[in-house]
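As provided, work.csv (CSV, C-alpha atoms) reads as follows.
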```csv
chain,number,residue,atom,x,y,z
A,1282,MET,CA,-16.8,-13.6,-7.0
A,1283,ARG,CA,-16.3,-13.4,-3.3
A,1284,THR,CA,-17.5,-10.1,-1.8
A,1285,LEU,CA,-16.1,-8.0,1.0
A,1286,VAL,CA,-18.3,-5.3,2.4
A,1287,CYS,CA,-16.5,-2.0,3.2
A,1288,VAL,CA,-17.3,-0.2,6.4
A,1289,VAL,CA,-18.3,3.4,6.1
A,1290,ALA,CA,-16.6,5.6,8.7
A,1291,VAL,CA,-14.7,8.8,9.2
A,1292,LEU,CA,-14.1,11.1,6.2
A,1293,LEU,CA,-10.3,11.1,6.1
A,1294,SER,CA,-10.0,7.4,5.6
A,1295,ALA,CA,-10.8,5.0,2.8
A,1296,CYS,CA,-12.1,1.5,2.5
A,1297,SER,CA,-10.8,-1.3,0.5
A,1298,GLY,CA,-11.5,-4.8,-0.2
A,1299,SER,CA,-8.1,-6.4,-0.1
A,1300,GLY,CA,-6.8,-9.7,-1.3
A,1301,ASP,CA,-9.2,-11.4,-3.7
A,1302,LYS,CA,-12.2,-9.6,-2.3
A,1303,GLU,CA,-14.6,-7.4,-4.2
A,1304,PRO,CA,-16.1,-4.5,-2.3
A,1305,ALA,CA,-19.8,-4.1,-2.3
A,1306,ALA,CA,-20.9,-2.3,-5.4
A,1307,GLN,CA,-17.2,-1.3,-5.8
A,1308,GLY,CA,-18.0,1.7,-3.7
A,1309,GLY,CA,-15.4,4.0,-2.2
A,1310,ALA,CA,-16.5,3.9,1.4
A,1311,SER,CA,-14.1,4.8,4.2
A,1312,SER,CA,-12.6,2.7,6.8
A,1313,ALA,CA,-12.2,3.8,10.4
A,1314,GLY,CA,-9.0,5.4,11.5
A,1315,GLY,CA,-7.7,6.4,8.1
A,1316,GLY,CA,-7.6,3.1,6.3
A,1317,SER,CA,-5.7,2.1,3.3
A,1318,GLY,CA,-7.6,4.2,0.9
A,1319,GLY,CA,-8.6,1.1,-0.8
A,1320,SER,CA,-6.3,-1.1,0.5
A,1321,ASN,CA,0.2,-2.3,-2.2
A,1322,ASN,CA,4.7,-3.2,-3.3
A,1323,ALA,CA,8.2,-2.2,-2.6
A,1324,ARG,CA,10.9,-0.7,-4.5
A,1325,GLY,CA,14.3,-2.3,-4.3
A,1326,GLY,CA,17.8,-1.3,-5.0
A,1327,THR,CA,20.7,-2.0,-2.8
A,1328,SER,CA,19.1,-0.5,0.3
A,1329,ALA,CA,15.7,0.2,1.6
A,1330,ARG,CA,14.8,3.8,0.7
A,1331,GLY,CA,15.9,4.9,4.0
A,1332,GLY,CA,14.1,4.0,7.0
A,1333,SER,CA,16.1,2.8,9.9
A,1334,PRO,CA,13.7,2.2,12.7
A,1335,SER,CA,13.7,4.3,15.8
A,1336,ALA,CA,16.0,3.0,18.5
A,1337,ASN,CA,13.3,2.4,21.0
A,1338,GLY,CA,14.5,-1.0,22.1
A,1339,GLY,CA,11.1,-2.4,21.4
A,1340,SER,CA,8.7,0.3,22.2
A,1341,GLN,CA,5.9,0.8,19.7
A,1342,ASN,CA,5.5,4.1,17.9
A,1343,PRO,CA,1.9,5.0,18.4
A,1344,SER,CA,1.7,6.4,14.9
A,1345,GLY,CA,2.4,3.0,13.5
A,1346,GLY,CA,5.5,3.9,11.7
A,1347,ALA,CA,8.8,1.9,11.6
A,1348,THR,CA,9.7,0.7,15.1
A,1349,ASN,CA,12.3,-1.6,16.6
A,1350,GLN,CA,11.6,-4.8,18.5
A,1351,PRO,CA,14.4,-6.4,20.4
A,1352,GLY,CA,17.1,-7.4,17.9
A,1353,GLY,CA,15.2,-5.7,15.2
A,1354,GLY,CA,18.0,-4.2,13.2
A,1355,SER,CA,17.4,-1.6,10.5
A,1356,LEU,CA,15.4,-1.5,7.2
A,1357,GLU,CA,18.7,-0.6,5.6
A,1358,ASP,CA,19.9,-4.1,6.3
A,1359,CYS,CA,17.6,-5.3,3.5
A,1360,PRO,CA,16.8,-4.2,0.0
A,1361,ILE,CA,13.1,-3.5,-0.7
A,1362,PHE,CA,13.2,-5.8,-3.7
A,1363,PRO,CA,15.9,-5.8,-6.4
A,1364,ALA,CA,16.6,-2.7,-8.4
A,1365,ASP,CA,14.9,-4.2,-11.5
A,1366,ASN,CA,11.7,-4.9,-9.6
A,1367,PRO,CA,8.6,-3.2,-11.2
A,1368,TRP,CA,8.2,-1.1,-8.1
A,1369,ASN,CA,11.6,0.4,-8.7
A,1370,GLN,CA,11.1,0.9,-12.4
A,1371,ASP,CA,11.6,4.4,-13.9
A,1372,VAL,CA,8.6,4.8,-16.2
A,1373,SER,CA,9.2,8.4,-17.2
A,1374,ALA,CA,10.1,7.4,-20.8
A,1375,LEU,CA,7.4,4.7,-21.3
A,1376,PRO,CA,4.8,5.3,-24.0
A,1377,VAL,CA,1.3,6.5,-23.1
A,1378,HIS,CA,-1.3,3.7,-22.9
A,1379,ALA,CA,-3.8,3.6,-25.8
A,1380,ARG,CA,-6.7,3.6,-23.3
A,1381,SER,CA,-5.1,6.3,-21.1
A,1382,ASN,CA,-7.9,8.8,-21.6
A,1383,ALA,CA,-10.6,6.3,-20.9
A,1384,TYR,CA,-8.9,5.0,-17.8
A,1385,ILE,CA,-8.5,8.6,-16.4
A,1386,ASP,CA,-12.1,9.5,-17.3
A,1387,SER,CA,-13.4,6.4,-15.4
A,1388,ILE,CA,-11.5,7.3,-12.3
A,1389,GLY,CA,-12.4,11.0,-12.4
A,1390,ARG,CA,-10.5,13.6,-14.5
A,1391,THR,CA,-11.6,16.5,-12.3
A,1392,ASP,CA,-11.5,14.6,-9.0
A,1393,ARG,CA,-8.6,15.2,-6.7
A,1394,VAL,CA,-5.8,13.1,-5.2
A,1395,HIS,CA,-6.2,12.2,-1.6
A,1396,PRO,CA,-3.2,11.4,0.6
A,1397,ASP,CA,-4.5,8.5,2.8
A,1398,PHE,CA,-1.8,9.0,5.4
A,1399,GLY,CA,-0.7,11.6,7.9
A,1400,THR,CA,-0.7,12.0,11.7
A,1401,GLU,CA,-4.1,10.9,13.2
A,1402,TRP,CA,-7.8,11.4,12.9
A,1403,GLU,CA,-10.1,11.1,15.9
A,1404,GLY,CA,-7.4,9.3,17.9
A,1405,ALA,CA,-6.4,6.8,15.3
A,1406,PRO,CA,-3.3,7.0,13.0
A,1407,ILE,CA,-4.0,7.8,9.4
A,1408,GLY,CA,-2.4,5.3,7.0
A,1409,ILE,CA,-1.0,1.8,6.9
A,1410,PRO,CA,1.5,1.1,9.7
A,1411,TYR,CA,4.4,-1.3,9.8
A,1412,VAL,CA,6.9,-2.7,12.3
A,1413,VAL,CA,10.5,-3.9,11.9
A,1414,VAL,CA,11.6,-7.0,13.9
A,1415,GLY,CA,14.7,-9.1,14.0
A,1416,ALA,CA,15.3,-12.8,13.5
A,1417,SER,CA,14.9,-13.4,17.2
A,1418,GLN,CA,11.2,-12.2,17.1
A,1419,PRO,CA,9.1,-15.3,18.1
A,1420,LYS,CA,6.7,-16.5,15.4
A,1421,VAL,CA,3.0,-17.0,16.3
A,1422,PRO,CA,0.3,-19.1,14.7
A,1423,ILE,CA,-1.9,-17.5,12.1
A,1424,ARG,CA,-5.4,-18.8,11.5
A,1425,PHE,CA,-6.8,-17.7,8.2
A,1426,THR,CA,-10.5,-17.2,8.3
A,1427,ALA,CA,-11.5,-16.4,4.7
A,1428,TYR,CA,-8.8,-16.9,2.0
A,1429,GLY,CA,-6.6,-19.6,3.5
A,1430,ASP,CA,-6.3,-21.4,0.1
A,1431,GLU,CA,-4.5,-18.3,-1.3
A,1432,SER,CA,-2.5,-17.4,1.9
A,1433,ASP,CA,1.1,-18.3,2.9
A,1434,GLU,CA,1.0,-20.5,5.9
A,1435,GLY,CA,2.2,-19.3,9.3
A,1436,PRO,CA,3.6,-18.9,11.8
A,1437,TYR,CA,4.5,-15.2,11.3
A,1438,PRO,CA,6.8,-13.1,13.5
A,1439,VAL,CA,4.1,-10.7,14.5
A,1440,PRO,CA,4.7,-8.9,17.8
A,1441,SER,CA,1.8,-9.0,20.3
A,1442,ASP,CA,1.6,-5.2,20.1
A,1443,ALA,CA,2.1,-4.9,16.4
A,1444,PRO,CA,0.4,-1.7,15.0
A,1445,ILE,CA,-2.9,-2.4,13.2
A,1446,GLU,CA,-4.2,-0.2,10.5
A,1447,GLY,CA,-6.8,2.1,11.9
A,1448,GLY,CA,-5.9,1.2,15.5
A,1449,PRO,CA,-6.7,-1.8,17.7
A,1450,ASP,CA,-10.5,-1.1,17.6
A,1451,SER,CA,-10.7,-0.6,13.8
A,1452,ASP,CA,-13.3,-2.5,11.9
A,1453,GLY,CA,-11.7,-1.6,8.5
A,1454,ASP,CA,-9.0,-3.4,6.6
A,1455,ARG,CA,-6.8,-3.9,9.8
A,1456,HIS,CA,-3.6,-4.5,7.8
A,1457,VAL,CA,-0.6,-5.6,9.8
A,1458,LEU,CA,2.8,-5.3,8.1
A,1459,VAL,CA,6.0,-6.9,9.6
A,1460,ILE,CA,9.5,-6.7,8.2
A,1461,GLU,CA,11.9,-9.3,9.6
A,1462,THR,CA,15.4,-8.0,8.9
A,1463,GLY,CA,17.2,-11.3,9.7
A,1464,THR,CA,15.8,-13.0,6.6
A,1465,CYS,CA,14.7,-9.8,4.8
A,1466,THR,CA,11.1,-11.2,4.7
A,1467,LEU,CA,8.0,-9.0,4.5
A,1468,TYR,CA,4.9,-10.5,6.2
A,1469,GLU,CA,1.5,-8.9,5.5
A,1470,LEU,CA,-1.9,-9.7,7.0
A,1471,PHE,CA,-5.4,-8.5,6.0
A,1472,ARG,CA,-8.1,-8.1,8.6
A,1473,ALA,CA,-5.8,-9.2,11.4
A,1474,PHE,CA,-7.1,-9.7,15.0
A,1475,PRO,CA,-4.8,-10.6,17.9
A,1476,ARG,CA,-6.0,-13.5,20.1
A,1477,ASN,CA,-5.0,-14.3,23.6
A,1478,GLY,CA,-2.9,-11.2,24.1
A,1479,GLY,CA,-1.3,-11.5,20.7
A,1480,SER,CA,0.0,-15.1,21.2
A,1481,SER,CA,-1.8,-15.9,17.9
A,1482,TYR,CA,-3.7,-14.0,15.2
A,1483,ASP,CA,-6.8,-14.5,13.1
A,1484,ALA,CA,-6.6,-12.9,9.6
A,1485,ASP,CA,-8.6,-13.1,6.4
A,1486,SER,CA,-5.5,-13.5,4.3
A,1487,GLY,CA,-1.7,-13.3,4.5
A,1488,ALA,CA,1.3,-13.2,2.3
A,1489,LYS,CA,5.1,-13.5,2.6
A,1490,PHE,CA,7.6,-11.7,0.3
A,1491,ASP,CA,11.4,-12.2,0.1
A,1492,LEU,CA,12.7,-8.6,-0.2
A,1493,ARG,CA,15.8,-9.8,-2.0
A,1494,SER,CA,13.9,-11.6,-4.8
A,1495,ASN,CA,11.6,-10.8,-7.7
A,1496,ALA,CA,9.6,-14.0,-7.1
A,1497,GLN,CA,5.9,-13.5,-7.6
A,1498,ARG,CA,2.9,-15.1,-6.0
A,1499,PRO,CA,1.1,-17.8,-7.9
A,1500,LEU,CA,-1.0,-16.4,-10.8
A,1501,GLY,CA,-4.5,-15.8,-9.5
A,1502,TRP,CA,-3.6,-15.6,-5.9
A,1503,THR,CA,-4.5,-12.6,-3.7
A,1504,SER,CA,-2.2,-11.3,-0.9
A,1505,ALA,CA,-3.2,-8.8,1.8
A,1506,ASP,CA,-4.2,-6.6,-1.1
A,1507,ALA,CA,-6.5,-7.1,-4.1
A,1508,ALA,CA,-3.9,-7.1,-6.8
A,1509,GLY,CA,-1.9,-9.9,-5.1
A,1510,LEU,CA,1.0,-7.5,-4.5
A,1511,PRO,CA,2.9,-6.4,-1.4
A,1512,ILE,CA,1.7,-3.3,0.4
A,1513,PHE,CA,4.7,-2.0,2.1
A,1514,PRO,CA,6.7,-1.1,-1.0
A,1515,GLY,CA,4.0,1.3,-2.3
A,1516,LEU,CA,3.7,3.4,0.9
A,1517,VAL,CA,4.7,7.0,1.2
A,1518,ARG,CA,7.1,7.1,4.2
A,1519,TYR,CA,8.2,10.1,6.3
A,1520,ASP,CA,11.9,9.1,6.2
A,1521,GLU,CA,11.9,9.1,2.4
A,1522,ILE,CA,10.0,12.2,1.8
A,1523,VAL,CA,11.1,14.5,4.6
A,1524,GLU,CA,14.4,13.2,5.8
A,1525,GLN,CA,15.8,12.1,2.4
A,1526,GLY,CA,13.8,14.4,0.2
A,1527,GLU,CA,13.4,11.8,-2.5
A,1528,LEU,CA,10.8,9.2,-3.6
A,1529,ARG,CA,12.5,6.4,-5.5
A,1530,HIS,CA,9.6,3.9,-6.1
A,1531,ALA,CA,6.1,3.7,-7.4
A,1532,LEU,CA,3.2,4.4,-5.0
A,1533,ARG,CA,0.1,2.4,-4.3
A,1534,PHE,CA,-3.3,3.8,-5.1
A,1535,THR,CA,-6.9,2.8,-5.3
A,1536,VAL,CA,-10.0,3.3,-7.4
A,1537,SER,CA,-13.7,2.7,-6.7
A,1538,ARG,CA,-14.4,0.7,-10.0
A,1539,SER,CA,-11.9,-1.6,-11.5
A,1540,GLN,CA,-11.9,-4.0,-14.4
A,1541,ALA,CA,-11.9,-7.8,-14.1
A,1542,ALA,CA,-8.4,-7.9,-15.5
A,1543,ARG,CA,-4.8,-7.4,-14.5
A,1544,ILE,CA,-1.5,-6.1,-15.8
A,1545,ALA,CA,1.8,-7.5,-14.5
A,1546,PRO,CA,3.0,-7.3,-11.8
A,1547,ALA,CA,-0.5,-7.7,-10.5
A,1548,ARG,CA,-1.4,-11.4,-9.9
A,1549,HIS,CA,-5.1,-11.0,-9.1
A,1550,PHE,CA,-8.1,-8.8,-9.7
A,1551,ALA,CA,-11.2,-8.2,-7.6
A,1552,SER,CA,-14.0,-7.2,-10.0
A,1553,SER,CA,-16.7,-8.8,-12.2
A,1554,ASN,CA,-16.9,-5.8,-14.5
A,1555,THR,CA,-15.6,-6.5,-18.0
A,1556,ASP,CA,-15.8,-2.9,-19.2
A,1557,ALA,CA,-12.5,-2.4,-21.0
A,1558,ASN,CA,-12.5,1.3,-20.1
A,1559,LEU,CA,-12.1,0.6,-16.4
A,1560,PRO,CA,-8.6,0.3,-15.0
A,1561,PRO,CA,-7.3,-3.2,-14.5
A,1562,MET,CA,-5.3,-4.1,-11.4
A,1563,GLY,CA,-1.6,-3.4,-11.8
A,1564,LEU,CA,-2.3,-0.4,-14.1
A,1565,ARG,CA,0.6,2.1,-13.9
A,1566,LEU,CA,-0.2,5.8,-13.9
A,1567,ARG,CA,2.4,8.6,-14.3
A,1568,MET,CA,2.1,12.2,-13.4
A,1569,LYS,CA,2.5,14.3,-16.6
A,1570,GLN,CA,5.8,16.0,-16.9
A,1571,ALA,CA,4.1,19.3,-17.7
A,1572,TYR,CA,2.1,19.3,-14.5
A,1573,ASP,CA,3.4,22.1,-12.3
A,1574,CYS,CA,3.7,21.4,-8.6
A,1575,GLY,CA,6.0,24.5,-8.1
A,1576,SER,CA,3.6,26.3,-5.8
A,1577,TYR,CA,3.0,23.3,-3.5
A,1578,SER,CA,4.7,22.5,-0.2
A,1579,ALA,CA,8.2,20.9,-0.3
A,1580,VAL,CA,6.6,17.6,0.8
A,1581,ALA,CA,4.1,17.7,-2.1
A,1582,GLN,CA,6.8,18.6,-4.6
A,1583,THR,CA,8.9,15.6,-3.5
A,1584,VAL,CA,5.9,13.3,-4.1
A,1585,CYS,CA,5.3,15.0,-7.5
A,1586,ARG,CA,8.8,14.3,-8.6
A,1587,GLY,CA,8.5,10.7,-7.7
A,1588,LEU,CA,5.2,10.3,-9.4
A,1589,LYS,CA,6.7,11.8,-12.6
A,1590,ARG,CA,9.5,9.3,-12.6
A,1591,TYR,CA,8.0,6.1,-11.0
A,1592,GLY,CA,4.3,6.7,-11.1
A,1593,MET,CA,1.8,4.7,-9.1
A,1594,ILE,CA,0.3,1.2,-9.3
A,1595,LEU,CA,-3.4,0.3,-8.9
A,1596,ALA,CA,-3.5,-2.2,-6.1
A,1597,ASP,CA,-7.0,-2.3,-4.6
A,1598,ASN,CA,-10.6,-1.2,-4.8
A,1599,GLY,CA,-11.3,1.7,-2.6
A,1600,SER,CA,-11.8,5.4,-2.9
A,1601,ASP,CA,-10.7,7.1,-6.1
A,1602,TRP,CA,-7.3,8.7,-6.3
A,1603,TYR,CA,-6.3,7.6,-2.8
A,1604,ILE,CA,-2.6,7.3,-2.4
A,1605,SER,CA,-1.3,5.1,0.5
A,1606,GLY,CA,1.3,6.0,3.0
A,1607,SER,CA,2.5,5.2,6.5
A,1608,PRO,CA,1.3,7.2,9.5
A,1609,ASP,CA,3.8,9.3,11.5
A,1610,PRO,CA,3.3,11.9,14.1
A,1611,ARG,CA,5.9,14.1,12.4
A,1612,TRP,CA,3.9,14.6,9.2
A,1613,ASP,CA,2.7,18.1,8.5
A,1614,ASP,CA,-0.9,17.5,7.6
A,1615,ASP,CA,-1.2,21.0,6.1
A,1616,ALA,CA,1.7,20.4,3.8
A,1617,LEU,CA,0.2,17.0,2.8
A,1618,ASN,CA,-3.0,18.8,2.0
A,1619,ASP,CA,-1.4,20.3,-1.1
A,1620,LEU,CA,-1.6,16.9,-2.7
A,1621,LYS,CA,-5.4,17.4,-2.6
A,1622,ARG,CA,-4.9,20.1,-5.2
A,1623,ILE,CA,-3.8,17.6,-7.9
A,1624,PRO,CA,-6.6,16.6,-10.3
A,1625,GLY,CA,-6.9,13.3,-12.1
A,1626,ASP,CA,-6.1,15.1,-15.3
A,1627,ALA,CA,-2.5,15.5,-14.1
A,1628,PHE,CA,-2.0,11.8,-14.7
A,1629,GLU,CA,-1.7,9.5,-17.7
A,1630,ALA,CA,-1.6,5.7,-18.0
A,1631,VAL,CA,1.6,4.2,-19.3
A,1632,GLU,CA,2.2,1.0,-21.3
A,1633,THR,CA,3.8,-1.7,-19.1
A,1634,GLY,CA,2.4,-4.9,-20.6
A,1635,PRO,CA,-0.8,-6.6,-21.9
A,1636,VAL,CA,-4.1,-6.6,-20.1
A,1637,GLU,CA,-4.8,-10.2,-18.9
A,1638,LYS,CA,-8.2,-11.5,-18.1
```
Do you think you could lay out the structure here as structure tokens?
Amino acid sequence: MRTLVCVVAVLLSACSGSGDKEPAAQGGASSAGGGSGGSNNARGGTSARGGSPSANGGSQNPSGGATNQPGGGSLEDCPIFPADNPWNQDVSALPVHARSNAYIDSIGRTDRVHPDFGTEWEGAPIGIPYVVVGASQPKVPIRFTAYGDESDEGPYPVPSDAPIEGGPDSDGDRHVLVIETGTCTLYELFRAFPRNGGSSYDADSGAKFDLRSNAQRPLGWTSADAAGLPIFPGLVRYDEIVEQGELRHALRFTVSRSQAARIAPARHFASSNTDANLPPMGLRLRMKQAYDCGSYSAVAQTVCRGLKRYGMILADNGSDWYISGSPDPRWDDDALNDLKRIPGDAFEAVETGPVEK
């Protein structure tokens, strides 16, 4: 099993081995600048869950949120996967998984949720950023330095100033997410480094996803995330939570120890541990209907409602109970902190398909 060593850094962030990488000792170290919390997929429907980019005419939002390059268009021009995609599946009525208690115990029943997104920490945005571009965005060569055999070939339409997870100086996961609205294609890179002023990029791995399709990556392939899934669909976004007041898709989360197995829609796993009580990649957790978020902030209550209906999908190895989102300077970090009051016991695993090894 190939190994990715996580970088220990600031305490608000998390580290993850993405793609088909296994973090050293499966620890939950942190990545600089508020990493991915581990290190993924989108919902769908007839429109993106909100999120038209800011009309900046190409200026970059320093928070790494949705921005507009020349001719970029709007996220609402594309679905974020079809309505019947797993990321958009209502799991509120699914049966509880037979190993639910074991899975929750292994992650940490008394440990608390951590929102791995917000404004910024020590000058770097917290979360996984993305950028929206149009069909006229020039494509640049991508040189894959680690997992080229499981990566989708370039070129990719990555702007020279595309936001990088953790900031330009990050030595963490350095995810770069680009949505090209002309073709409704999602491009994602893991450990991306611009070269020659951004005229080309080096990256450990990369993947393309047609946002209008349920097509999956080849079985056994990684992506920019360990489970072989897209990252963007599983992010908590400001426009959804605050502006629309509704979360209509599953979220992406990480654990420090995972099983060498997967549950669809995951295509890949990143562990050598065969303990059946550890969660496999693609495991779906749901917040228990009885869990009361009534005293929490409005932001936290919106996330809770979404978690009760759509749940969250295990997508990478990283810190336990880290939920991924996109940075935005408008987040109220104090309001997000209410999510840290949620214990692991508030969740249960649901049955979405067989465990595959």
Do you have, as CSV, the list of residues of region 1568-1606 of chain A lying at most 8 Å from region 1512-1521 of chain A, each with its nearest atom pair and that distance in Å to one decimal, counting all atoms listed in the file and ordered by chain then number?
```
residue,atom,partner,partner_atom,distance
A:Met1593,CA,A:Gly1515,CA,7.9
A:Ile1594,CA,A:Gly1515,CA,7.9
A:Ser1605,CA,A:Leu1516,CA,5.3
A:Gly1606,CA,A:Val1517,CA,4.0
```
Would you pick out the contacts of region 1616-1628 of chain A at 6 Å or less, using only C-alpha atoms, so that residues sharing its chain but fewer than 4 positions from it are not included, and give the list as an MDAnalysis selection string?
chainID A and resid 1389:1395 1567:1569 1572 1577:1578 1581
Write a file of the just-selected residues containing C-alpha atoms, as a tab-separated table (two decimals), in the frame of the given file.
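Dumped everything to out-v9.tsv:
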```tsv
chain	number	residue	atom	x	y	z
A	1389	GLY	CA	-12.40	11.00	-12.40
A	1390	ARG	CA	-10.50	13.60	-14.50
A	1391	THR	CA	-11.60	16.50	-12.30
A	1392	ASP	CA	-11.50	14.60	-9.00
A	1393	ARG	CA	-8.60	15.20	-6.70
A	1394	VAL	CA	-5.80	13.10	-5.20
A	1395	HIS	CA	-6.20	12.20	-1.60
A	1567	ARG	CA	2.40	8.60	-14.30
A	1568	MET	CA	2.10	12.20	-13.40
A	1569	LYS	CA	2.50	14.30	-16.60
A	1572	TYR	CA	2.10	19.30	-14.50
A	1577	TYR	CA	3.00	23.30	-3.50
A	1578	SER	CA	4.70	22.50	-0.20
A	1581	ALA	CA	4.10	17.70	-2.10
```
Nearest to Cys1359 (chain A) by atom-to-atom distance, counting only C-alpha atoms, from A:Asp1483, A:Leu1595, A:Ile1460, A:Gly1575
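Going through A:Asp1483, A:Leu1595, A:Ile1460, A:Gly1575 one by one, the smallest distance to Cys1359 (chain A) is for A:Ile1460.
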How far is it from CA of Gly1509 (chain A) to CA of Gly1563 (chain A), in Å with one decimal?
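Computing the Euclidean distance for CA of Gly1509 (chain A) and CA of Gly1563 (chain A) yields 9.3 Å.
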Which distance in Å separates CA of Pro1438 (chain A) and CA of Glu1469 (chain A), to one decimal?
10.5 Å
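Residues with any atom within 6 Å of region 1372-1385 of chain A, counting all atoms listed in the file and excluding same-chain neighbours fewer than 3 positions away, are Ile1388, Arg1390, Asn1558, Leu1559, Pro1560, Arg1590, Tyr1591, Glu1629, Ala1630, Val1631 and Glu1632 of chain A.
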Restrict the selected residues to C-alpha atoms and save them as a PDB file, in the frame of the given file.
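Result file follows (result03.pdb):
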```pdb
ATOM      1  CA  ILE A1388     -11.500   7.300 -12.300  1.00  0.00           C
ATOM      2  CA  ARG A1390     -10.500  13.600 -14.500  1.00  0.00           C
ATOM      3  CA  ASN A1558     -12.500   1.300 -20.100  1.00  0.00           C
ATOM      4  CA  LEU A1559     -12.100   0.600 -16.400  1.00  0.00           C
ATOM      5  CA  PRO A1560      -8.600   0.300 -15.000  1.00  0.00           C
ATOM      6  CA  ARG A1590       9.500   9.300 -12.600  1.00  0.00           C
ATOM      7  CA  TYR A1591       8.000   6.100 -11.000  1.00  0.00           C
ATOM      8  CA  GLU A1629      -1.700   9.500 -17.700  1.00  0.00           C
ATOM      9  CA  ALA A1630      -1.600   5.700 -18.000  1.00  0.00           C
ATOM     10  CA  VAL A1631       1.600   4.200 -19.300  1.00  0.00           C
ATOM     11  CA  GLU A1632       2.200   1.000 -21.300  1.00  0.00           C
TER      12      GLU A1632
END
```
Would you compute an axis-aligned box for region 1465-1483 of chain A, covering every atom listed for it in the file with 6 Å of margin on each side, and report centre and edge lengths in Å to one decimal as lines of an AutoDock Vina configuration file?
```
center_x = 3.3
center_y = -12.0
center_z = 14.3
size_x = 34.8
size_y = 19.8
size_z = 31.6
```
Near region 1501-1503 of chain A, within 12 Å and counting all atoms listed in the file, which residues show up once chain neighbours fewer than 6 positions away are dropped, as a compact mmCIF listing (two decimals) with C-alpha atoms, in the coordinates of the input?
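Saved result, out.txt, follows:
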```txt
# COMPACT_ATOMS: atom_id res chain seq x y z
CA ARG A 1283 -16.30 -13.40 -3.30
CA GLY A 1298 -11.50 -4.80 -0.20
CA SER A 1299 -8.10 -6.40 -0.10
CA GLY A 1300 -6.80 -9.70 -1.30
CA ASP A 1301 -9.20 -11.40 -3.70
CA LYS A 1302 -12.20 -9.60 -2.30
CA GLU A 1303 -14.60 -7.40 -4.20
CA ASN A 1321 0.20 -2.30 -2.20
CA ALA A 1427 -11.50 -16.40 4.70
CA TYR A 1428 -8.80 -16.90 2.00
CA GLY A 1429 -6.60 -19.60 3.50
CA ASP A 1430 -6.30 -21.40 0.10
CA GLU A 1431 -4.50 -18.30 -1.30
CA SER A 1432 -2.50 -17.40 1.90
CA ASP A 1433 1.10 -18.30 2.90
CA GLU A 1469 1.50 -8.90 5.50
CA LEU A 1470 -1.90 -9.70 7.00
CA PHE A 1471 -5.40 -8.50 6.00
CA ASP A 1485 -8.60 -13.10 6.40
CA SER A 1486 -5.50 -13.50 4.30
CA GLY A 1487 -1.70 -13.30 4.50
CA ALA A 1488 1.30 -13.20 2.30
CA LYS A 1489 5.10 -13.50 2.60
CA GLY A 1509 -1.90 -9.90 -5.10
CA LEU A 1510 1.00 -7.50 -4.50
CA PRO A 1511 2.90 -6.40 -1.40
CA ILE A 1512 1.70 -3.30 0.40
CA ALA A 1541 -11.90 -7.80 -14.10
CA ALA A 1542 -8.40 -7.90 -15.50
CA ARG A 1543 -4.80 -7.40 -14.50
CA ILE A 1544 -1.50 -6.10 -15.80
CA ALA A 1545 1.80 -7.50 -14.50
CA PRO A 1546 3.00 -7.30 -11.80
CA ALA A 1547 -0.50 -7.70 -10.50
CA ARG A 1548 -1.40 -11.40 -9.90
CA HIS A 1549 -5.10 -11.00 -9.10
CA PHE A 1550 -8.10 -8.80 -9.70
CA ALA A 1551 -11.20 -8.20 -7.60
CA MET A 1562 -5.30 -4.10 -11.40
CA ALA A 1596 -3.50 -2.20 -6.10
CA ASP A 1597 -7.00 -2.30 -4.60
CA GLU A 1637 -4.80 -10.20 -18.90
CA LYS A 1638 -8.20 -11.50 -18.10
```
